[in-house]
Amino acid sequence: MSSKANLADFIAHYKQLEDDICQDLSNFEATTEMVSRIKHLLDYNLQGGKLNRGLAVVDSAQIILGDSFSEDIKTKAIILGWCIEWLQAFFLVADDIMDESPMRRGRPSWYRNEGVGMIAINDSFIIESAIYRILKKYFRDTDYYVELLEIFHEVTYQTELGQMVDLTTAPEIVNLDMFSIEKHTFIVKYKTSFYSFYLPVALALLATGKKNSKEAFDIARNILVPMGVYFQVQDDYLDLYGDVNLTGKVGTDIKDNKCSWLVIQALKVCSPEQRMILDKHYGRKSDADEQKVKQVFEQLDIKGIFHKYSDETEQKLVEQIESIDANIVNPKVFISFLQKISKRQK
C-alpha cells in the first residue's frame, strides 16, 4: 500500500477520534456548548497541517512489518499517529502565544481568534489531555500501554525543556553572547527532534511488537535525533528565506531575538563592524531593524553557508543509514524520513 493510500486512510480516521473525544466528554458532565467549543478547537488546530509526523507512524510500521502489516496494526498506527498530531497541536497553540506569532498554517493563530485570547492556554491543555483519553480507549489492554504513556510523557517533558531554554536564551534584553551552537543544538534536539522524528518511529516499533528490542530503539534515536536537528536548522532558514505562501507563517526569529542557526553562523564569521550592527538591531521589533540584520546576513552569504551545511549533513545521514543492520530494523524507515525533508521548501 502506498503512502498516498495511507494518507487517505489517516485523514479519514480523524472524525472517529474527534467523535471519541466529544462522546467521552459526557463522562465529565460537559454541556452541549462545551462539546461544541472543543470540537471547534480540535478542528481548527488539527486540520490543515502536513500530517508528516502522524503519517510517519503508519509508514514506518508498514516498512517494519512488510507483508505482515495487518489492518489491526494499521489502525493502531493511525491512532498513534493522530496522538502525535494532537501533541503537535498542543505545542503549537502554546508556542504561538509565547512567540506572539500572528499566523499559523496560513490563517490566524488560535489565540488571535475573536473570543479566544489567553483562553488558548487552557485550550492547549485540553488538546494534550485528549491524547491520554485516546490512548486509554484504544491501548489500555495492550502489553505496551505503559510504554506508550511513558514515552508520551517523556517526550512532552523533553520538548518543554527545549522550549524553556529557547525562551530564556531570547530574553527582552538582547545579548548575542548568550548564543552558541551548543545551546542551539540543545534547544532543537529537545524542542523538535524527539517528538517530530524519534517519537513516530518509537511508536511504530511499539505497535509492531518490538518493545523489547533495545537495539532498534537505539538505532532510531541515534539517526533520527540528529536528523531532527537538521530539520530545525532548515526551519531556521525558512523562517527568514522561505516563501510565506508555502510555509504559511510569517517568520519572526530576528525580531523575537531567537537563538537561530542563522545568527550563530553570522556571529562566527562577521567583522567587528558587522557585529556592532547585529548587536544594535537583532531582537528589535521594527521592520527597519530586521532589514539591517538581513543586510548583514546577505553580506556574509548565510544562504551559501546553509546550503553547504545542508549538503554535508545529508551525506552524513545517508552514510549512517547505509551502516544499519537490516536484521534489527529496516533502513528504509530512515530513508523515508530523509527523503521527506531533503531540500524542503516548507
# chains A, B, ... in the order shown; residues from 1 in each chain; ligands from 1
>>> residues_around(residues="Asn175 in chain A", least_positions_apart="5", cutoff="9 Å", atoms="only C-alpha atoms", output="list in words")
Thr169, Ala170, Asn257 and Asp279 of chain A
>>> write_last_selection(atoms="N, CA and C atoms", output="short mmCIF file (atom, residue, chain, number, x, y, z; two decimals), in the first residue's frame")
data_model
loop_
_atom_site.label_atom_id
_atom_site.label_comp_id
_atom_site.auth_asym_id
_atom_site.auth_seq_id
_atom_site.Cartn_x
_atom_site.Cartn_y
_atom_site.Cartn_z
N THR A 169 16.85 31.92 26.41
CA THR A 169 18.00 32.37 25.62
C THR A 169 17.64 33.60 24.79
N ALA A 170 16.35 33.89 24.72
CA ALA A 170 15.88 35.05 23.95
C ALA A 170 15.08 35.98 24.86
N ASN A 257 14.43 37.75 18.78
CA ASN A 257 15.72 37.50 19.44
C ASN A 257 15.99 36.02 19.62
N ASP A 279 24.46 43.54 17.02
CA ASP A 279 24.19 43.88 18.42
C ASP A 279 23.13 44.97 18.54
#
>>> residues_around(residues="Arg133 in chain A", least_positions_apart="3", cutoff="9 Å", atoms="only C-alpha atoms", output="number ranges by chain")
A: 20-21, 24, 129-130, 136-138
>>> write_last_selection(atoms="C-alpha atoms", output="mmCIF file, in the first residue's frame")
data_model
loop_
_atom_site.group_PDB
_atom_site.id
_atom_site.type_symbol
_atom_site.label_atom_id
_atom_site.label_comp_id
_atom_site.auth_asym_id
_atom_site.auth_seq_id
_atom_site.Cartn_x
_atom_site.Cartn_y
_atom_site.Cartn_z
ATOM 1 C CA ASP A 20 -14.494 9.667 20.650
ATOM 2 C CA ILE A 21 -13.321 12.799 22.465
ATOM 3 C CA ASP A 24 -16.103 10.983 26.218
ATOM 4 C CA SER A 129 -5.323 15.717 27.776
ATOM 5 C CA ALA A 130 -7.249 14.332 24.817
ATOM 6 C CA LYS A 136 -6.790 4.734 27.285
ATOM 7 C CA LYS A 137 -9.664 3.859 24.956
ATOM 8 C CA TYR A 138 -7.612 2.014 22.342
#
>>> select_by_dssp(residues="range 10-230 of chain A", states="helix (DSSP H, G or I)", output="ChimeraX atom specification")
/A:10-28,32-46,52-68,71-99,110-112,119-139,145-168,176-178,181-207,214-230
>>> select_by_dssp(residues="range 40-281 of chain A", states="strand (DSSP E or B)", output="count of residues only")
4
>>> closest_atom_pairs(of="range 114-163 of chain A", to="range 95-109 of chain A", cutoff="9 Å", atoms="only C-alpha atoms", output="JSON lines")
{"residue": "A:Gly117", "atom": "CA", "partner": "A:Ile97", "partner_atom": "CA", "distance": 8.7}
{"residue": "A:Met118", "atom": "CA", "partner": "A:Ile97", "partner_atom": "CA", "distance": 7.9}
{"residue": "A:Ala120", "atom": "CA", "partner": "A:Ile97", "partner_atom": "CA", "distance": 8.0}
{"residue": "A:Ile121", "atom": "CA", "partner": "A:Ile97", "partner_atom": "CA", "distance": 8.0}
{"residue": "A:Gln163", "atom": "CA", "partner": "A:Asp95", "partner_atom": "CA", "distance": 8.5}
>>> write_last_selection(atoms="C-alpha atoms", output="PDB file, in the first residue's frame")
ATOM      1  CA  GLY A 117      -7.035  35.275  23.557  1.00  0.00           C
ATOM      2  CA  MET A 118      -5.346  33.825  26.630  1.00  0.00           C
ATOM      3  CA  ALA A 120      -5.894  29.444  24.425  1.00  0.00           C
ATOM      4  CA  ILE A 121      -3.522  28.485  27.254  1.00  0.00           C
ATOM      5  CA  GLN A 163      11.197  25.374  24.847  1.00  0.00           C
TER       6      GLN A 163
END
>>> atom_distance(atom1="CA of Ala8 in chain A", atom2="CA of Lys76 in chain A")
15.4 Å
>>> residues_around(residues="Ser342 in chain A", least_positions_apart="3", cutoff="8 Å", atoms="only C-alpha atoms", output="list of chain:residue names")
A:Glu314, A:Leu338, A:Gln339
>>> closest_residue(among="A:Ile264, A:Leu148, A:Leu240, A:Ala5", to="Leu199 in chain A", atoms="only C-alpha atoms")
A:Leu148
>>> residues_around(residues="Asn45 in chain A", least_positions_apart="6", cutoff="12 Å", atoms="only C-alpha atoms", output="count of residues only")
29
>>> residues_around(residues="range 301-309 of chain A", least_positions_apart="4", cutoff="8 Å", atoms="only C-alpha atoms", output="PyMOL selection string")
chain A and resi 237+262+265-266+297+313
>>> atom_distance(atom1="CA of Trp82 in chain A", atom2="CA of Pro331 in chain A")
24.0 Å
>>> residues_around(residues="Ile73 in chain A", least_positions_apart="6", cutoff="8 Å", atoms="only C-alpha atoms", output="ChimeraX atom specification")
/A:61,207-208
>>> write_last_selection(atoms="N, CA, C and O atoms", output="short mmCIF file (atom, residue, chain, number, x, y, z; two decimals), in the first residue's frame")
data_model
loop_
_atom_site.label_atom_id
_atom_site.label_comp_id
_atom_site.auth_asym_id
_atom_site.auth_seq_id
_atom_site.Cartn_x
_atom_site.Cartn_y
_atom_site.Cartn_z
N ALA A 61 5.57 1.70 10.42
CA ALA A 61 5.06 0.38 10.81
C ALA A 61 4.93 -0.53 9.60
O ALA A 61 5.23 -1.73 9.65
N ALA A 207 4.15 -0.57 18.30
CA ALA A 207 2.94 -1.12 17.69
C ALA A 207 3.21 -2.39 16.89
O ALA A 207 2.30 -3.20 16.67
N THR A 208 4.47 -2.58 16.47
CA THR A 208 4.82 -3.75 15.67
C THR A 208 5.49 -4.84 16.50
O THR A 208 6.13 -5.75 15.96
#
